[in-house]
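> Okay, so here is final_23.cif, and as you'll see once you scroll down, it has mmCIF, C-alpha atoms and all ligand atoms.
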```cif
data_my_file
loop_
_atom_site.label_atom_id
_atom_site.label_comp_id
_atom_site.auth_asym_id
_atom_site.auth_seq_id
_atom_site.Cartn_x
_atom_site.Cartn_y
_atom_site.Cartn_z
CA MET O 1 25.87 222.09 86.25
CA PRO O 2 26.21 224.37 89.27
CA SER O 3 24.89 223.83 92.77
CA ILE O 4 23.46 227.02 94.23
CA LEU O 5 22.48 227.74 97.84
CA SER O 6 19.54 230.15 97.56
CA ILE O 7 18.50 231.99 100.74
CA GLN O 8 15.47 234.23 100.28
CA SER O 9 11.73 234.54 100.85
CA TRP O 10 9.10 231.90 100.11
CA VAL O 11 5.50 232.62 99.18
CA ALA O 12 2.78 229.97 99.00
CA TYR O 13 0.83 231.84 96.32
CA GLY O 14 2.60 233.44 93.39
CA HIS O 15 6.22 233.96 92.47
CA VAL O 16 8.72 236.13 94.34
CA GLY O 17 11.92 235.29 96.20
CA ASN O 18 12.76 231.57 96.12
CA ALA O 19 9.37 230.97 94.47
CA SER O 20 10.64 233.08 91.56
CA ALA O 21 14.29 231.94 91.54
CA ILE O 22 14.37 228.20 92.24
CA PHE O 23 12.29 226.83 89.38
CA PRO O 24 14.07 228.74 86.56
CA LEU O 25 17.43 227.59 87.97
CA GLN O 26 16.22 223.98 88.12
CA ARG O 27 14.72 224.24 84.63
CA LEU O 28 18.18 225.25 83.40
CA GLY O 29 19.68 222.21 85.13
CA ALA O 30 21.12 223.73 88.31
CA GLU O 31 20.91 221.93 91.65
CA VAL O 32 19.34 224.39 94.11
CA TRP O 33 19.50 224.16 97.89
CA GLY O 34 16.68 226.46 98.98
CA ILE O 35 16.53 228.00 102.44
CA HIS O 36 13.59 230.29 103.15
CA THR O 37 13.92 233.51 105.19
CA VAL O 38 10.13 233.90 105.51
CA GLN O 39 7.03 231.98 104.56
CA PHE O 40 4.27 234.36 103.53
CA SER O 41 0.95 233.65 101.88
CA ASN O 42 1.79 236.07 99.05
CA HIS O 43 4.18 238.90 98.24
CA THR O 44 3.98 242.18 100.15
CA GLY O 45 3.14 244.18 97.03
CA TYR O 46 -0.52 243.25 97.65
CA GLY O 47 -0.41 245.39 100.81
CA ALA O 48 -1.79 242.48 102.90
CA TRP O 49 -0.24 239.12 103.60
CA ARG O 50 -0.05 236.44 106.29
CA GLY O 51 2.74 234.22 107.50
CA GLN O 52 5.99 234.40 109.43
CA VAL O 53 9.48 235.80 109.26
CA PHE O 54 11.77 232.94 110.29
CA GLY O 55 14.38 233.32 113.02
CA ALA O 56 18.02 233.67 112.04
CA GLU O 57 18.68 230.46 114.01
CA LEU O 58 16.62 228.41 111.52
CA ILE O 59 18.67 229.67 108.58
CA HIS O 60 21.88 229.05 110.50
CA ASP O 61 20.74 225.52 111.42
CA CYS O 62 19.85 224.59 107.85
CA VAL O 63 23.24 225.80 106.58
CA GLN O 64 24.95 223.84 109.34
CA GLY O 65 23.00 220.71 108.43
CA ILE O 66 24.09 221.01 104.80
CA GLU O 67 27.65 221.53 105.99
CA GLU O 68 27.39 218.37 108.11
CA ARG O 69 26.42 216.42 104.95
CA GLY O 70 29.82 217.47 103.57
CA ALA O 71 28.17 219.29 100.68
CA LEU O 72 29.63 222.80 100.97
CA PRO O 73 32.78 222.08 98.88
CA ARG O 74 30.37 221.31 95.99
CA CYS O 75 28.52 224.61 96.38
CA ASP O 76 29.32 226.93 93.45
CA ALA O 77 27.39 229.98 94.64
CA VAL O 78 25.22 231.54 97.31
CA LEU O 79 22.25 233.57 96.09
CA SER O 80 20.56 235.83 98.63
CA GLY O 81 17.55 238.13 98.36
CA TYR O 82 14.62 239.29 100.51
CA MET O 83 15.63 238.86 104.15
CA GLY O 84 12.64 239.57 106.41
CA SER O 85 14.81 240.86 109.28
CA ALA O 86 18.25 242.35 109.78
CA GLU O 87 19.23 239.42 112.08
CA ILE O 88 18.81 237.05 109.13
CA GLY O 89 21.52 239.09 107.40
CA ALA O 90 24.13 237.82 109.82
CA ALA O 91 23.09 234.22 109.12
CA ILE O 92 23.37 234.82 105.35
CA LEU O 93 26.79 236.43 105.77
CA ASP O 94 27.89 233.43 107.83
CA ALA O 95 26.56 231.05 105.15
CA ALA O 96 28.53 232.87 102.46
CA ARG O 97 31.69 232.72 104.60
CA ARG O 98 31.27 228.98 105.25
CA VAL O 99 30.69 228.22 101.58
CA LYS O 100 33.74 230.23 100.55
CA ALA O 101 35.86 228.54 103.20
CA ALA O 102 34.82 225.16 101.77
CA ASN O 103 35.10 226.24 98.12
CA PRO O 104 37.26 229.35 97.59
CA ALA O 105 35.99 229.63 93.99
CA ALA O 106 32.36 229.98 95.10
CA LEU O 107 30.60 233.31 94.46
CA TRP O 108 28.08 235.19 96.59
CA CYS O 109 25.44 236.92 94.53
CA CYS O 110 23.57 239.34 96.80
CA ASP O 111 20.35 240.87 95.50
CA PRO O 112 20.08 243.89 97.83
CA VAL O 113 16.28 243.93 98.13
CA ILE O 114 15.49 247.30 99.72
CA GLY O 115 12.80 249.01 97.68
CA ASP O 116 11.77 250.50 94.42
CA VAL O 117 11.10 253.83 92.72
CA GLY O 118 7.51 254.70 93.63
CA ARG O 119 7.16 252.23 96.50
CA GLY O 120 10.21 253.54 98.38
CA ILE O 121 11.87 251.34 101.03
CA PHE O 122 9.71 248.26 101.71
CA VAL O 123 11.93 246.26 104.07
CA ARG O 124 12.34 246.44 107.83
CA PRO O 125 14.66 249.01 109.47
CA GLY O 126 18.26 247.83 109.68
CA ILE O 127 18.12 245.75 106.50
CA PRO O 128 19.27 248.52 104.10
CA GLU O 129 22.13 249.43 106.46
CA PHE O 130 23.14 245.77 106.81
CA LEU O 131 23.24 245.39 103.03
CA ARG O 132 25.32 248.55 102.58
CA ASP O 133 27.76 248.12 105.43
CA GLU O 134 28.17 244.35 105.83
CA ALA O 135 26.88 242.48 102.79
CA LEU O 136 28.40 244.63 100.04
CA PRO O 137 32.03 244.27 101.15
CA ALA O 138 31.67 240.46 101.22
CA ALA O 139 29.64 239.93 98.03
CA ASP O 140 31.05 239.08 94.59
CA ILE O 141 27.99 240.01 92.54
CA VAL O 142 25.23 242.50 93.43
CA THR O 143 22.02 243.15 91.48
CA PRO O 144 20.41 246.43 92.66
CA ASN O 145 17.61 248.20 90.83
CA GLN O 146 18.10 251.92 90.18
CA PHE O 147 16.49 252.91 93.51
CA GLU O 148 18.74 250.48 95.42
CA LEU O 149 21.86 251.66 93.55
CA GLU O 150 21.08 255.25 94.56
CA TRP O 151 20.38 254.29 98.18
CA LEU O 152 23.50 252.11 98.52
CA THR O 153 25.82 254.73 97.05
CA GLY O 154 24.06 257.90 98.26
CA ARG O 155 24.32 259.20 94.67
CA GLU O 156 21.63 260.37 92.34
CA VAL O 157 21.60 258.38 89.10
CA ALA O 158 20.14 260.40 86.22
CA THR O 159 22.57 259.82 83.33
CA LEU O 160 24.63 256.91 82.01
CA ASP O 161 27.77 258.55 83.43
CA ASP O 162 26.07 258.77 86.87
CA ALA O 163 25.13 255.09 86.65
CA LYS O 164 28.65 254.02 85.69
CA ALA O 165 30.14 256.14 88.49
CA ALA O 166 27.71 254.64 91.00
CA VAL O 167 28.55 251.10 89.83
CA ALA O 168 32.28 251.88 90.14
CA ALA O 169 31.64 253.25 93.65
CA LEU O 170 29.92 249.98 94.61
CA GLN O 171 32.76 247.93 93.12
CA ALA O 172 35.30 249.96 95.10
CA ARG O 173 33.53 248.66 98.23
CA GLY O 174 33.65 244.97 97.32
CA PRO O 175 31.61 243.29 94.59
CA ARG O 176 33.52 242.78 91.38
CA CYS O 177 30.40 242.36 89.27
CA VAL O 178 27.30 244.60 89.36
CA LEU O 179 24.01 244.31 87.47
CA VAL O 180 21.67 247.32 87.67
CA THR O 181 18.04 246.60 86.75
CA SER O 182 15.11 248.84 85.79
CA LEU O 183 17.26 251.76 84.67
CA ARG O 184 15.47 254.87 83.46
CA LEU O 185 18.17 257.37 82.45
CA ALA O 186 18.06 260.75 80.72
CA ASP O 187 18.72 259.08 77.35
CA THR O 188 16.38 256.10 77.85
CA PRO O 189 13.73 256.38 75.11
CA ASP O 190 10.10 256.44 76.21
CA GLY O 191 8.78 252.92 76.05
CA GLU O 192 12.11 251.27 76.95
CA ILE O 193 13.63 249.96 80.17
CA GLY O 194 17.37 249.51 80.60
CA MET O 195 19.94 247.45 82.43
CA LEU O 196 23.65 248.02 83.01
CA ALA O 197 26.34 245.51 83.95
CA GLY O 198 29.87 246.31 85.08
CA GLU O 199 32.86 244.07 85.65
CA GLY O 200 36.65 244.39 85.29
CA GLY O 201 36.47 248.09 84.38
CA CYS O 202 34.05 247.42 81.47
CA PHE O 203 30.35 248.29 81.18
CA TRP O 204 27.57 246.89 79.02
CA ARG O 205 24.00 248.09 78.62
CA LEU O 206 20.85 246.65 77.20
CA ALA O 207 17.30 247.95 76.73
CA THR O 208 14.05 246.13 76.09
CA PRO O 209 10.57 247.45 75.35
CA MET O 210 8.69 248.53 78.47
CA LEU O 211 5.70 246.25 78.91
CA PRO O 212 2.36 247.47 80.26
CA LEU O 213 2.59 245.72 83.63
CA SER O 214 3.93 246.16 87.14
CA VAL O 215 4.80 242.89 88.84
CA ASN O 216 6.88 241.58 91.71
CA GLY O 217 9.43 238.83 91.42
CA ALA O 218 11.04 239.84 88.11
CA GLY O 219 14.04 241.17 90.02
CA ASP O 220 14.42 237.86 91.87
CA ALA O 221 14.26 235.93 88.60
CA ILE O 222 16.78 238.17 86.91
CA ALA O 223 19.26 237.91 89.79
CA ALA O 224 19.03 234.09 89.68
CA LEU O 225 19.39 233.94 85.89
CA PHE O 226 22.24 236.47 85.84
CA LEU O 227 24.11 234.39 88.45
CA PHE O 228 23.49 231.15 86.54
CA HIS O 229 24.75 232.53 83.22
CA ARG O 230 27.69 234.36 84.84
CA LEU O 231 28.73 231.03 86.43
CA ARG O 232 28.26 229.22 83.11
CA SER O 233 29.99 231.72 80.82
CA GLY O 234 32.29 233.73 83.09
CA SER O 235 31.05 236.80 81.21
CA ALA O 236 28.88 239.57 82.67
CA ALA O 237 27.91 240.69 79.14
CA GLU O 238 26.66 237.22 78.20
CA ALA O 239 24.90 236.84 81.52
CA LEU O 240 23.17 240.21 81.03
CA ALA O 241 21.97 239.28 77.53
CA ALA O 242 20.74 235.82 78.54
CA ALA O 243 19.00 236.89 81.75
CA ALA O 244 17.36 239.97 80.19
CA SER O 245 16.11 237.97 77.19
CA SER O 246 14.54 235.30 79.42
CA VAL O 247 12.90 237.80 81.76
CA PHE O 248 11.56 239.84 78.85
CA GLY O 249 9.94 236.68 77.43
CA LEU O 250 8.55 235.78 80.85
CA LEU O 251 7.05 239.26 81.30
CA ARG O 252 5.73 239.47 77.74
CA ARG O 253 3.78 236.25 78.35
CA THR O 254 2.63 237.60 81.73
CA ALA O 255 1.42 240.87 80.16
CA GLU O 256 -0.40 238.99 77.39
CA ALA O 257 -2.18 236.88 80.00
CA GLY O 258 -3.01 239.97 82.09
CA SER O 259 -1.67 238.14 85.16
CA ARG O 260 -0.83 239.87 88.48
CA GLU O 261 1.75 237.12 89.13
CA ILE O 262 4.62 236.32 86.77
CA LEU O 263 4.05 233.13 84.73
CA THR O 264 7.15 231.32 86.01
CA VAL O 265 5.77 227.87 85.16
CA ALA O 266 3.67 228.53 82.05
CA ALA O 267 6.47 230.55 80.39
CA GLN O 268 9.29 228.16 81.37
CA GLU O 269 10.57 227.68 77.80
CA GLU O 270 11.72 231.31 77.95
CA PHE O 271 14.41 230.29 80.47
CA VAL O 272 15.88 227.77 78.04
CA THR O 273 15.20 229.31 74.61
CA PRO O 274 14.08 232.95 74.89
CA SER O 275 11.68 233.83 72.07
CA ARG O 276 13.51 237.12 71.49
CA ARG O 277 17.20 237.65 72.12
CA PHE O 278 18.63 241.02 73.17
CA ALA O 279 22.35 241.81 72.88
CA ALA O 280 24.41 243.69 75.46
CA GLU O 281 26.33 246.66 74.03
CA PRO O 282 29.63 247.91 75.50
CA CYS O 283 29.24 251.46 76.80
N1 LIG G 1 7.18 246.72 82.91
C1 LIG G 1 8.28 246.08 82.49
N2 LIG G 1 8.53 245.95 81.17
C2 LIG G 1 9.62 245.30 80.74
N3 LIG G 1 10.53 244.77 81.55
C3 LIG G 1 10.36 244.86 82.87
C4 LIG G 1 9.22 245.51 83.44
N4 LIG G 1 9.30 245.42 84.79
C5 LIG G 1 10.43 244.75 85.06
N5 LIG G 1 11.07 244.41 83.92
C6 LIG G 1 12.33 243.69 83.78
O1 LIG G 1 12.64 242.98 84.93
C7 LIG G 1 13.89 243.43 85.45
C8 LIG G 1 13.89 243.35 86.94
O2 LIG G 1 12.76 244.00 87.44
P1 LIG G 1 12.90 245.06 88.58
O3 LIG G 1 11.53 245.62 88.75
O4 LIG G 1 14.04 245.96 88.33
O5 LIG G 1 13.31 244.22 89.79
P2 LIG G 1 13.05 244.61 91.26
O6 LIG G 1 11.72 244.02 91.50
O7 LIG G 1 14.17 243.97 91.96
O8 LIG G 1 13.04 246.10 91.35
C9 LIG G 1 14.05 244.84 84.88
O9 LIG G 1 15.40 245.20 84.76
C10 LIG G 1 13.43 244.67 83.51
O10 LIG G 1 14.35 244.09 82.64
C1 LIG G 2 8.21 238.35 100.12
C2 LIG G 2 8.90 239.11 99.02
N1 LIG G 2 10.03 238.62 98.51
C3 LIG G 2 10.70 239.27 97.53
C4 LIG G 2 10.24 240.45 97.01
C5 LIG G 2 11.05 241.13 95.95
O1 LIG G 2 10.41 241.13 94.73
P1 LIG G 2 11.06 241.82 93.48
O2 LIG G 2 11.71 240.76 92.68
O3 LIG G 2 9.93 242.45 92.77
O4 LIG G 2 12.05 242.82 93.97
C6 LIG G 2 9.07 241.00 97.51
C7 LIG G 2 8.55 242.25 96.97
O5 LIG G 2 7.41 242.64 97.17
C8 LIG G 2 8.38 240.30 98.54
O6 LIG G 2 7.24 240.77 99.07
MG MG G 3 14.63 243.36 93.59
#
```
Render the structure in this file as structure tokens.
Ligand SMILES: Nc1ncnc2c1ncn2[C@@H]1O[C@H](COP(=O)(O)OP(=O)(O)O)[C@@H](O)[C@H]1O
Ligand SMILES: Cc1ncc(COP(=O)(O)O)c(C=O)c1O
Ligand SMILES: [Mg+2]

Amino acid sequence: MPSILSIQSWVAYGHVGNASAIFPLQRLGAEVWGIHTVQFSNHTGYGAWRGQVFGAELIHDCVQGIEERGALPRCDAVLSGYMGSAEIGAAILDAARRVKAANPAALWCCDPVIGDVGRGIFVRPGIPEFLRDEALPAADIVTPNQFELEWLTGREVATLDDAKAAVAALQARGPRCVLVTSLRLADTPDGEIGMLAGEGGCFWRLATPMLPLSVNGAGDAIAALFLFHRLRSGSAAEALAAAASSVFGLLRRTAEAGSREILTVAAQEEFVTPSRRFAAEPC
């Protein structure tokens, strides 16, 4: 089972960031070393929240302490997400470099949390630029949504060909493996939501029914699950199918319950045995 260093936000109430990613990974058997970039009362999608963005020094210190335990050679991957400030980016980049120096086979999966269609950019100034200019070239896996893919590449993504070209443009700048979430393309049927994965010159896509809900934290769960299954199987197609199936089950249960927060705990069986399995198709 992998050991994963997960550096992202923490919320006391609800499930985004590490509070969306850590439990599913543990439920699947992974060892997770969680470092929090912020501690907020709740996610920012509510429009109001309390808490603190942590200093980059705290993140740096925690990584150093883990290093001093001699644990970094056993770290299989770094997972990063919501950062809170651009300075924290440098600490995450440093963590990824230290892990890779200790274990050259380790992967950095960077979820470039910038914003969303509709909400626009919801992170502090400097973070999008850091992700584009410094994180991308050093990451192995990136998991943008459609809005983030467009922002990172400066390309409009309206068709499948646009999406593939944008993924290839990202890969040319560093990450070998890309997962695009929440894809709505010209040929996406009404009532469906798509995903696209690219690795090694191949592409796979998958669509699920669109559920009547709008939640936060699904992207953080899917990045964690995609990383876990990519580590386990070595295959982006398998990782796409497994992660999408689990998140669909999680969100279906959430929609049925009419919950504003994803049911990470109540729907935990979906991480192990998804109630409905979707296949990834080459495209
Ligand atoms: N309303 C929905 N219906 C079905 N699936 C959804 C819905 N919202 C999110 N998802 C699933 O969760 C995945 C990640 O959510 P997304 O909103 O893209 O993440 P992010 O919050 O990072 O933008 C999507 O690719 C999709 O598979
Ligand atoms: C604190 C925090 N972390 C992470 C996220 C990212 O959530 P999502 O998975 O929906 O992109 C958000 C989004 O609102 C947030 O407020
Ligand atoms: Mg996201």
> Give me, please, the distance in Å between CA of Arg252 in chain O and atom C9 of ligand LIG 1 (chain G), quoted to one decimal.
12.2 Å
> Could you pull out every residue with an atom within 7 Å of (21.8, 228.0, 101.7), file coordinates, counting only C-alpha atoms, and send them as a count of residues only?
9
> Any residue with an atom at most 6 Å from ligand LIG 2 (chain G) counts, using all atoms listed in the file. Which are they? Put them as a ChimeraX atom specification.
/O:9,16-17,43-45,82,216-220
> If the limit is 6 Å from any atom of ligand LIG 1 (chain G), counting only C-alpha atoms and all ligand atoms, which residues qualify? Return them as a list of chain:residue names.
O:Asp116, O:Asn145, O:Thr181, O:Ser182, O:Met195, O:Pro209, O:Met210, O:Leu211, O:Pro212, O:Leu213, O:Ser214, O:Asn216, O:Gly217, O:Ala218, O:Gly219, O:Ile222, O:Ala244, O:Phe248
> Would you please work out which residue, of O:Arg260, O:Arg74, O:Arg119, O:Arg184, is nearest to ligand MG 3 (chain G) when using all atoms listed in the file?
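When distances to ligand MG 3 (chain G) are compared using all atoms listed in the file, the smallest one comes from O:Arg119.
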> Please reconstruct the missing atoms of range 208-227 of chain O (target: N, CA and C atoms) and return them as a PDB file, keeping the file's coordinate frame.

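Final output, out.pdb:
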```pdb
ATOM      1  N   THR O 208      15.145 246.905  76.683  1.00  0.00           N
ATOM      2  CA  THR O 208      14.050 246.130  76.090  1.00  0.00           C
ATOM      3  C   THR O 208      12.821 247.048  76.051  1.00  0.00           C
ATOM      4  N   PRO O 209      11.819 246.689  75.268  1.00  0.00           N
ATOM      5  CA  PRO O 209      10.570 247.450  75.350  1.00  0.00           C
ATOM      6  C   PRO O 209      10.016 247.397  76.773  1.00  0.00           C
ATOM      7  N   MET O 210       9.405 248.493  77.184  1.00  0.00           N
ATOM      8  CA  MET O 210       8.690 248.530  78.470  1.00  0.00           C
ATOM      9  C   MET O 210       7.315 247.905  78.254  1.00  0.00           C
ATOM     10  N   LEU O 211       6.991 246.933  79.060  1.00  0.00           N
ATOM     11  CA  LEU O 211       5.700 246.250  78.910  1.00  0.00           C
ATOM     12  C   LEU O 211       4.665 246.881  79.834  1.00  0.00           C
ATOM     13  N   PRO O 212       3.399 246.823  79.450  1.00  0.00           N
ATOM     14  CA  PRO O 212       2.360 247.470  80.260  1.00  0.00           C
ATOM     15  C   PRO O 212       1.972 246.625  81.465  1.00  0.00           C
ATOM     16  N   LEU O 213       2.909 246.468  82.406  1.00  0.00           N
ATOM     17  CA  LEU O 213       2.590 245.720  83.630  1.00  0.00           C
ATOM     18  C   LEU O 213       3.525 246.150  84.749  1.00  0.00           C
ATOM     19  N   SER O 214       3.101 245.905  85.978  1.00  0.00           N
ATOM     20  CA  SER O 214       3.930 246.160  87.140  1.00  0.00           C
ATOM     21  C   SER O 214       3.800 244.939  88.035  1.00  0.00           C
ATOM     22  N   VAL O 215       4.873 244.168  88.105  1.00  0.00           N
ATOM     23  CA  VAL O 215       4.800 242.890  88.840  1.00  0.00           C
ATOM     24  C   VAL O 215       5.901 242.830  89.885  1.00  0.00           C
ATOM     25  N   ASN O 216       5.815 241.869  90.751  1.00  0.00           N
ATOM     26  CA  ASN O 216       6.880 241.580  91.710  1.00  0.00           C
ATOM     27  C   ASN O 216       7.495 240.242  91.332  1.00  0.00           C
ATOM     28  N   GLY O 217       8.762 240.101  91.657  1.00  0.00           N
ATOM     29  CA  GLY O 217       9.430 238.830  91.420  1.00  0.00           C
ATOM     30  C   GLY O 217      10.318 238.807  90.189  1.00  0.00           C
ATOM     31  N   ALA O 218      10.177 239.806  89.300  1.00  0.00           N
ATOM     32  CA  ALA O 218      11.040 239.840  88.110  1.00  0.00           C
ATOM     33  C   ALA O 218      12.492 240.059  88.522  1.00  0.00           C
ATOM     34  N   GLY O 219      12.683 240.901  89.557  1.00  0.00           N
ATOM     35  CA  GLY O 219      14.040 241.170  90.020  1.00  0.00           C
ATOM     36  C   GLY O 219      14.687 239.913  90.611  1.00  0.00           C
ATOM     37  N   ASP O 220      13.892 239.099  91.285  1.00  0.00           N
ATOM     38  CA  ASP O 220      14.420 237.860  91.870  1.00  0.00           C
ATOM     39  C   ASP O 220      14.774 236.860  90.773  1.00  0.00           C
ATOM     40  N   ALA O 221      13.962 236.816  89.725  1.00  0.00           N
ATOM     41  CA  ALA O 221      14.260 235.930  88.600  1.00  0.00           C
ATOM     42  C   ALA O 221      15.513 236.390  87.874  1.00  0.00           C
ATOM     43  N   ILE O 222      15.629 237.700  87.694  1.00  0.00           N
ATOM     44  CA  ILE O 222      16.780 238.170  86.910  1.00  0.00           C
ATOM     45  C   ILE O 222      18.083 237.968  87.679  1.00  0.00           C
ATOM     46  N   ALA O 223      18.048 238.143  88.994  1.00  0.00           N
ATOM     47  CA  ALA O 223      19.260 237.910  89.790  1.00  0.00           C
ATOM     48  C   ALA O 223      19.688 236.439  89.683  1.00  0.00           C
ATOM     49  N   ALA O 224      18.719 235.524  89.767  1.00  0.00           N
ATOM     50  CA  ALA O 224      19.030 234.090  89.680  1.00  0.00           C
ATOM     51  C   ALA O 224      19.588 233.736  88.303  1.00  0.00           C
ATOM     52  N   LEU O 225      18.950 234.259  87.260  1.00  0.00           N
ATOM     53  CA  LEU O 225      19.390 233.940  85.890  1.00  0.00           C
ATOM     54  C   LEU O 225      20.740 234.572  85.590  1.00  0.00           C
ATOM     55  N   PHE O 226      20.944 235.800  86.063  1.00  0.00           N
ATOM     56  CA  PHE O 226      22.240 236.470  85.840  1.00  0.00           C
ATOM     57  C   PHE O 226      23.345 235.650  86.514  1.00  0.00           C
ATOM     58  N   LEU O 227      23.107 235.216  87.751  1.00  0.00           N
ATOM     59  CA  LEU O 227      24.110 234.390  88.450  1.00  0.00           C
ATOM     60  C   LEU O 227      24.379 233.107  87.677  1.00  0.00           C
TER      61      LEU O 227
END
```
